[in-house]
Amino acid sequence: MALMRITSPHAHGPLTTAAVMRTVLLATLPGLVALTYFFGFGTLVNILWGGVVAVVCEATALRLRKRPLGFYLNDASALVTATLLGIALPPYAPWWLIIVGVAFAILIGKHLYGGMGYNPFNPAMVGYVVLLISFPLEMTTWAAPAGINPTGTPGLLQALQACFTPASIDVTTMATPLDLLKQNQSLLLEDLWVQNPQFGRWAGLGWEWANIGFLAGGIWLLYKRIFTWHAPVAMLVSMTLLAALFYDGGSSASAGSPLFHLLSGATMFGAFFIVTDPVTSAVSNRGRLVYGAAIGVLVFVIRVWGDYPDAIAFSVLIMNFAAPFVDYYTQPVTYGHRKDGDPES
Amino acid sequence: MADVSYRELSLNGLWKNNPAIVQLLGLCPLLAVTGSVVNSVGLGLATTLVLVCSNTAVSLIRNVVSEAVRLPVFVMIIASAVTCIELLMQAFTYELYQILGIFLPLITTNCVILGRADAFASKNPLLPAVYDGFIMGVGFTLILVMLGALRELVGTGALFANMDLLFGPGAAEWKIVLVADYKDFLLAILPPGAFIFTGLIIAAKNLIDAKFKARQDALKEQPVKGAKRVRLTGNIS
């Protein structure tokens, strides 16, 4: 009887890089809808213009490096970088800010290190940090959320105007909840919430819903098995623990409640879309737990005691540096070997 | 090294063995003060002067100093030269002296200078040593100025600002604003910019070298005219 001889692997994953990237792009939708609802079309314009710049940069870099253009452009990784950066940037960012950020992310953050899969740092976060330390003014003004914006939420036309002819239009900006909490000297948290409508119900009008949106997208990605739960959960848990430790019931010196930290700033976006980057994070499951937890600690420390109101980008970059180190100490034991690495006798 | 070719020395200092982008020596001032052209020129000139002075002195005493104590002696010589330059700059270009700050005295510890003193001046007669110091200094200065120009251009959108600090009040007009209304790109002026641009300059140099080598190889491989194919089979009559 002739047996069919099939060698492993027997199961073929349907996941290609392109499919993963498209899924990630789709998963940003709920958060994006919330951002657009509360802050207007600024973020969408960021993403669209960033996407155009990203594709141009990617094509140029691929041509210079003599790599197949179609193959790498089709995997949409440049678009993902542009989308992530576009979400992280303040809405209504001027066109040149987006060009500088995206070009830096794609050309220097990604291609100078060897391109897709070889970059030690998350390209979107590299672009973000470059912009943040180069143009602090443009990077720290955030639009006022819908409902308390005296001039109304800007429409698509105004958003385009703000991007391409920044001098012709003024978008109303307001301090973000993280800013306000950082500057708070004398108010009890309860009073702070009452006096500043930006705080919304839990963590900031608009921000809480954007965060919930990104959380939903992240859970969908988890369900689709795009990444494992280890890094994001570790990050959120370590952050929650620290926040609970320093909450002190809401005095004027309080660092904010755990719920506030979970739902404000870029927490959920960072946890599910940045920290989970397979290229720049630690590799093993145990390593990802350490990696994620350290990011959570760093974010909280920089938010509360550092100079910057939010800290996802800095924390992620610091841990990108440390990822090989984490990998070194969390190497899984190979099947059939003992912990010290010797083969079992 | 009895017969030193000045052509070879020049080529080494300016390109093949450039202290800044091939030997990667003296990176500390290279990265720290090249935020603008005027700073770069100032530090480059100071370094060149120190290099020439120290190479001269080291070459003169090369047969007197024993092997064991040579390094401390060289450092003493360099430190004296640096002190002289520092006092001169304090006298004639006081503002620039203040901008360069700690990096002037730190020229003493610049590896380019000790490196040339030990590797070249202590083994060669006076003239080649002086010329080597000069050309190495020029090579270092060129890279400093290139880096300063790039960083100033990207960082502030202008070139040759504040040149009057070095060349007198007449040079105040030298500033060229290339982009009006430029938002200062702080990254280029901060230390990361120095690292990035140094890397890009080194990459450009390597690229040119590779292109040059490829062309040379292509020339070499061209078959000699009139050469005949060797017959491998049959009788060769």
# chains A, B, ... in the order shown; residues from 1 in each chain; ligands from 1
>>> residues_around(residues="segment 190-204 of chain B", least_positions_apart="2", cutoff="6 Å", atoms="only C-alpha atoms", output="number ranges by chain")
B: 21, 31, 187-188, 206-207
>>> closest_atom_pairs(of="chain B", to="chain A", cutoff="8 Å", atoms="only C-alpha atoms", output="Markdown table")
| residue | atom | partner | partner_atom | distance |
| --- | --- | --- | --- | --- |
| B:Lys183 | CA | A:Phe135 | CA | 7.9 |
| B:Asp184 | CA | A:Ser134 | CA | 7.5 |
| B:Phe185 | CA | A:Ser134 | CA | 5.3 |
| B:Leu186 | CA | A:Ser134 | CA | 4.3 |
| B:Leu187 | CA | A:Ser134 | CA | 5.1 |
>>> select_by_dssp(residues="segment 18-94 of chain B", states="helix (DSSP H, G or I)", output="PDB file with N, CA and C atoms, in the first residue's frame")
ATOM      1  N   LEU B  27      36.084  62.233  18.440  1.00  0.00           N
ATOM      2  CA  LEU B  27      34.643  62.312  18.225  1.00  0.00           C
ATOM      3  C   LEU B  27      33.967  63.253  19.212  1.00  0.00           C
ATOM      4  N   CYS B  28      34.563  63.409  20.399  1.00  0.00           N
ATOM      5  CA  CYS B  28      33.902  64.219  21.427  1.00  0.00           C
ATOM      6  C   CYS B  28      33.678  65.651  20.945  1.00  0.00           C
ATOM      7  N   PRO B  29      34.735  66.383  20.516  1.00  0.00           N
ATOM      8  CA  PRO B  29      34.457  67.720  19.991  1.00  0.00           C
ATOM      9  C   PRO B  29      33.658  67.659  18.694  1.00  0.00           C
ATOM     10  N   LEU B  30      33.913  66.641  17.900  1.00  0.00           N
ATOM     11  CA  LEU B  30      33.207  66.497  16.628  1.00  0.00           C
ATOM     12  C   LEU B  30      31.704  66.498  16.858  1.00  0.00           C
ATOM     13  N   LEU B  31      31.274  65.760  17.884  1.00  0.00           N
ATOM     14  CA  LEU B  31      29.843  65.654  18.127  1.00  0.00           C
ATOM     15  C   LEU B  31      29.318  66.833  18.919  1.00  0.00           C
ATOM     16  N   ALA B  32      30.168  67.423  19.756  1.00  0.00           N
ATOM     17  CA  ALA B  32      29.630  68.384  20.713  1.00  0.00           C
ATOM     18  C   ALA B  32      29.514  69.795  20.157  1.00  0.00           C
ATOM     19  N   VAL B  37      28.610  76.525  11.644  1.00  0.00           N
ATOM     20  CA  VAL B  37      29.860  76.620  10.895  1.00  0.00           C
ATOM     21  C   VAL B  37      30.918  77.354  11.706  1.00  0.00           C
ATOM     22  N   VAL B  38      30.517  78.438  12.381  1.00  0.00           N
ATOM     23  CA  VAL B  38      31.527  79.230  13.067  1.00  0.00           C
ATOM     24  C   VAL B  38      32.186  78.434  14.191  1.00  0.00           C
ATOM     25  N   ASN B  39      31.395  77.670  14.933  1.00  0.00           N
ATOM     26  CA  ASN B  39      31.987  76.828  15.978  1.00  0.00           C
ATOM     27  C   ASN B  39      32.960  75.824  15.374  1.00  0.00           C
ATOM     28  N   SER B  40      32.549  75.212  14.256  1.00  0.00           N
ATOM     29  CA  SER B  40      33.378  74.186  13.634  1.00  0.00           C
ATOM     30  C   SER B  40      34.694  74.777  13.162  1.00  0.00           C
ATOM     31  N   VAL B  41      34.619  75.937  12.486  1.00  0.00           N
ATOM     32  CA  VAL B  41      35.846  76.553  11.985  1.00  0.00           C
ATOM     33  C   VAL B  41      36.756  76.896  13.158  1.00  0.00           C
ATOM     34  N   GLY B  42      36.175  77.479  14.204  1.00  0.00           N
ATOM     35  CA  GLY B  42      36.975  77.859  15.362  1.00  0.00           C
ATOM     36  C   GLY B  42      37.687  76.676  15.966  1.00  0.00           C
ATOM     37  N   LEU B  43      36.925  75.612  16.234  1.00  0.00           N
ATOM     38  CA  LEU B  43      37.551  74.454  16.857  1.00  0.00           C
ATOM     39  C   LEU B  43      38.512  73.767  15.901  1.00  0.00           C
ATOM     40  N   GLY B  44      38.164  73.736  14.618  1.00  0.00           N
ATOM     41  CA  GLY B  44      39.049  73.106  13.640  1.00  0.00           C
ATOM     42  C   GLY B  44      40.380  73.821  13.563  1.00  0.00           C
ATOM     43  N   LEU B  45      40.340  75.163  13.498  1.00  0.00           N
ATOM     44  CA  LEU B  45      41.592  75.923  13.424  1.00  0.00           C
ATOM     45  C   LEU B  45      42.422  75.703  14.693  1.00  0.00           C
ATOM     46  N   ALA B  46      41.753  75.741  15.840  1.00  0.00           N
ATOM     47  CA  ALA B  46      42.479  75.538  17.093  1.00  0.00           C
ATOM     48  C   ALA B  46      43.146  74.169  17.103  1.00  0.00           C
ATOM     49  N   THR B  47      42.402  73.148  16.694  1.00  0.00           N
ATOM     50  CA  THR B  47      42.960  71.794  16.683  1.00  0.00           C
ATOM     51  C   THR B  47      44.125  71.699  15.710  1.00  0.00           C
ATOM     52  N   THR B  48      43.987  72.310  14.543  1.00  0.00           N
ATOM     53  CA  THR B  48      45.076  72.262  13.567  1.00  0.00           C
ATOM     54  C   THR B  48      46.337  72.919  14.124  1.00  0.00           C
ATOM     55  N   LEU B  49      46.170  74.080  14.739  1.00  0.00           N
ATOM     56  CA  LEU B  49      47.322  74.767  15.319  1.00  0.00           C
ATOM     57  C   LEU B  49      48.007  73.895  16.370  1.00  0.00           C
ATOM     58  N   VAL B  50      47.184  73.302  17.232  1.00  0.00           N
ATOM     59  CA  VAL B  50      47.755  72.443  18.276  1.00  0.00           C
ATOM     60  C   VAL B  50      48.483  71.264  17.644  1.00  0.00           C
ATOM     61  N   LEU B  51      47.872  70.685  16.597  1.00  0.00           N
ATOM     62  CA  LEU B  51      48.502  69.539  15.938  1.00  0.00           C
ATOM     63  C   LEU B  51      49.872  69.908  15.379  1.00  0.00           C
ATOM     64  N   VAL B  52      49.936  71.053  14.721  1.00  0.00           N
ATOM     65  CA  VAL B  52      51.210  71.468  14.126  1.00  0.00           C
ATOM     66  C   VAL B  52      52.246  71.707  15.218  1.00  0.00           C
ATOM     67  N   CYS B  53      51.858  72.458  16.261  1.00  0.00           N
ATOM     68  CA  CYS B  53      52.804  72.741  17.348  1.00  0.00           C
ATOM     69  C   CYS B  53      53.282  71.454  18.006  1.00  0.00           C
ATOM     70  N   SER B  54      52.349  70.576  18.338  1.00  0.00           N
ATOM     71  CA  SER B  54      52.745  69.383  19.085  1.00  0.00           C
ATOM     72  C   SER B  54      53.582  68.466  18.201  1.00  0.00           C
ATOM     73  N   ASN B  55      53.217  68.338  16.923  1.00  0.00           N
ATOM     74  CA  ASN B  55      54.030  67.487  16.048  1.00  0.00           C
ATOM     75  C   ASN B  55      55.438  68.046  15.907  1.00  0.00           C
ATOM     76  N   THR B  56      55.542  69.376  15.814  1.00  0.00           N
ATOM     77  CA  THR B  56      56.868  69.989  15.726  1.00  0.00           C
ATOM     78  C   THR B  56      57.710  69.635  16.949  1.00  0.00           C
ATOM     79  N   ALA B  57      57.137  69.896  18.122  1.00  0.00           N
ATOM     80  CA  ALA B  57      57.903  69.675  19.356  1.00  0.00           C
ATOM     81  C   ALA B  57      58.245  68.204  19.527  1.00  0.00           C
ATOM     82  N   VAL B  58      57.267  67.342  19.260  1.00  0.00           N
ATOM     83  CA  VAL B  58      57.513  65.907  19.466  1.00  0.00           C
ATOM     84  C   VAL B  58      58.592  65.410  18.501  1.00  0.00           C
ATOM     85  N   SER B  59      58.525  65.898  17.256  1.00  0.00           N
ATOM     86  CA  SER B  59      59.523  65.448  16.288  1.00  0.00           C
ATOM     87  C   SER B  59      60.921  65.918  16.683  1.00  0.00           C
ATOM     88  N   LEU B  60      61.015  67.129  17.243  1.00  0.00           N
ATOM     89  CA  LEU B  60      62.324  67.657  17.632  1.00  0.00           C
ATOM     90  C   LEU B  60      62.952  66.847  18.759  1.00  0.00           C
ATOM     91  N   GLU B  67      61.418  55.556  25.453  1.00  0.00           N
ATOM     92  CA  GLU B  67      60.161  54.886  25.116  1.00  0.00           C
ATOM     93  C   GLU B  67      59.196  54.871  26.308  1.00  0.00           C
ATOM     94  N   ALA B  68      59.752  54.652  27.508  1.00  0.00           N
ATOM     95  CA  ALA B  68      58.904  54.417  28.681  1.00  0.00           C
ATOM     96  C   ALA B  68      58.099  55.652  29.079  1.00  0.00           C
ATOM     97  N   VAL B  69      58.683  56.835  28.944  1.00  0.00           N
ATOM     98  CA  VAL B  69      57.973  58.026  29.441  1.00  0.00           C
ATOM     99  C   VAL B  69      57.411  58.872  28.306  1.00  0.00           C
ATOM    100  N   ARG B  70      57.367  58.320  27.102  1.00  0.00           N
ATOM    101  CA  ARG B  70      57.003  59.164  25.976  1.00  0.00           C
ATOM    102  C   ARG B  70      55.588  59.740  26.083  1.00  0.00           C
ATOM    103  N   LEU B  71      54.630  58.887  26.532  1.00  0.00           N
ATOM    104  CA  LEU B  71      53.253  59.379  26.533  1.00  0.00           C
ATOM    105  C   LEU B  71      53.046  60.581  27.463  1.00  0.00           C
ATOM    106  N   PRO B  72      53.502  60.506  28.727  1.00  0.00           N
ATOM    107  CA  PRO B  72      53.350  61.694  29.573  1.00  0.00           C
ATOM    108  C   PRO B  72      54.034  62.918  28.978  1.00  0.00           C
ATOM    109  N   VAL B  73      55.206  62.723  28.388  1.00  0.00           N
ATOM    110  CA  VAL B  73      55.898  63.860  27.795  1.00  0.00           C
ATOM    111  C   VAL B  73      55.063  64.463  26.675  1.00  0.00           C
ATOM    112  N   PHE B  74      54.528  63.598  25.802  1.00  0.00           N
ATOM    113  CA  PHE B  74      53.701  64.092  24.693  1.00  0.00           C
ATOM    114  C   PHE B  74      52.506  64.868  25.224  1.00  0.00           C
ATOM    115  N   VAL B  75      51.856  64.307  26.234  1.00  0.00           N
ATOM    116  CA  VAL B  75      50.658  64.969  26.756  1.00  0.00           C
ATOM    117  C   VAL B  75      51.007  66.337  27.330  1.00  0.00           C
ATOM    118  N   MET B  76      52.179  66.418  28.008  1.00  0.00           N
ATOM    119  CA  MET B  76      52.617  67.712  28.541  1.00  0.00           C
ATOM    120  C   MET B  76      52.796  68.725  27.408  1.00  0.00           C
ATOM    121  N   ILE B  77      53.430  68.258  26.336  1.00  0.00           N
ATOM    122  CA  ILE B  77      53.660  69.152  25.198  1.00  0.00           C
ATOM    123  C   ILE B  77      52.328  69.624  24.625  1.00  0.00           C
ATOM    124  N   ILE B  78      51.422  68.668  24.438  1.00  0.00           N
ATOM    125  CA  ILE B  78      50.116  69.013  23.855  1.00  0.00           C
ATOM    126  C   ILE B  78      49.383  69.987  24.764  1.00  0.00           C
ATOM    127  N   ALA B  79      49.425  69.707  26.070  1.00  0.00           N
ATOM    128  CA  ALA B  79      48.709  70.576  27.004  1.00  0.00           C
ATOM    129  C   ALA B  79      49.258  71.993  26.957  1.00  0.00           C
ATOM    130  N   SER B  80      50.590  72.103  26.832  1.00  0.00           N
ATOM    131  CA  SER B  80      51.159  73.456  26.749  1.00  0.00           C
ATOM    132  C   SER B  80      50.665  74.154  25.490  1.00  0.00           C
ATOM    133  N   ALA B  81      50.681  73.442  24.377  1.00  0.00           N
ATOM    134  CA  ALA B  81      50.218  74.040  23.118  1.00  0.00           C
ATOM    135  C   ALA B  81      48.761  74.478  23.246  1.00  0.00           C
ATOM    136  N   VAL B  82      47.941  73.607  23.849  1.00  0.00           N
ATOM    137  CA  VAL B  82      46.524  73.938  23.990  1.00  0.00           C
ATOM    138  C   VAL B  82      46.355  75.175  24.854  1.00  0.00           C
ATOM    139  N   THR B  83      47.138  75.272  25.934  1.00  0.00           N
ATOM    140  CA  THR B  83      47.021  76.437  26.805  1.00  0.00           C
ATOM    141  C   THR B  83      47.336  77.716  26.031  1.00  0.00           C
ATOM    142  N   CYS B  84      48.394  77.650  25.190  1.00  0.00           N
ATOM    143  CA  CYS B  84      48.733  78.822  24.386  1.00  0.00           C
ATOM    144  C   CYS B  84      47.562  79.220  23.492  1.00  0.00           C
ATOM    145  N   ILE B  85      47.009  78.230  22.774  1.00  0.00           N
ATOM    146  CA  ILE B  85      45.902  78.520  21.855  1.00  0.00           C
ATOM    147  C   ILE B  85      44.727  79.105  22.626  1.00  0.00           C
ATOM    148  N   GLU B  86      44.464  78.514  23.787  1.00  0.00           N
ATOM    149  CA  GLU B  86      43.326  78.961  24.580  1.00  0.00           C
ATOM    150  C   GLU B  86      43.504  80.424  24.969  1.00  0.00           C
ATOM    151  N   LEU B  87      44.721  80.782  25.415  1.00  0.00           N
ATOM    152  CA  LEU B  87      44.973  82.174  25.809  1.00  0.00           C
ATOM    153  C   LEU B  87      44.833  83.095  24.599  1.00  0.00           C
ATOM    154  N   LEU B  88      45.323  82.615  23.454  1.00  0.00           N
ATOM    155  CA  LEU B  88      45.212  83.440  22.240  1.00  0.00           C
ATOM    156  C   LEU B  88      43.744  83.690  21.897  1.00  0.00           C
ATOM    157  N   MET B  89      42.943  82.621  21.956  1.00  0.00           N
ATOM    158  CA  MET B  89      41.527  82.788  21.615  1.00  0.00           C
ATOM    159  C   MET B  89      40.839  83.680  22.621  1.00  0.00           C
ATOM    160  N   GLN B  90      41.235  83.555  23.875  1.00  0.00           N
ATOM    161  CA  GLN B  90      40.656  84.394  24.912  1.00  0.00           C
ATOM    162  C   GLN B  90      40.953  85.866  24.597  1.00  0.00           C
ATOM    163  N   ALA B  91      42.144  86.106  24.033  1.00  0.00           N
ATOM    164  CA  ALA B  91      42.534  87.482  23.748  1.00  0.00           C
ATOM    165  C   ALA B  91      41.848  88.022  22.504  1.00  0.00           C
ATOM    166  N   PHE B  92      41.727  87.187  21.467  1.00  0.00           N
ATOM    167  CA  PHE B  92      41.297  87.742  20.182  1.00  0.00           C
ATOM    168  C   PHE B  92      39.865  87.386  19.782  1.00  0.00           C
ATOM    169  N   TYR B  94      37.001  86.415  21.954  1.00  0.00           N
ATOM    170  CA  TYR B  94      36.510  86.081  23.297  1.00  0.00           C
ATOM    171  C   TYR B  94      35.135  85.396  23.269  1.00  0.00           C
TER     172      TYR B  94
END
>>> residues_around(residues="Ala88 of chain A", least_positions_apart="2", cutoff="12 Å", atoms="only C-alpha atoms", output="PyMOL selection string")
chain A and resi 28+31-32+35+42-44+46-47+50+81-86+90-93+98+101-102+124-129+131-132+139-140+142+210+265-270+273-274+310-313
>>> residues_around(residues="Leu96 of chain B", least_positions_apart="4", cutoff="7 Å", atoms="only C-alpha atoms", output="list in words")
Leu100, Leu165 and Leu166 of chain B
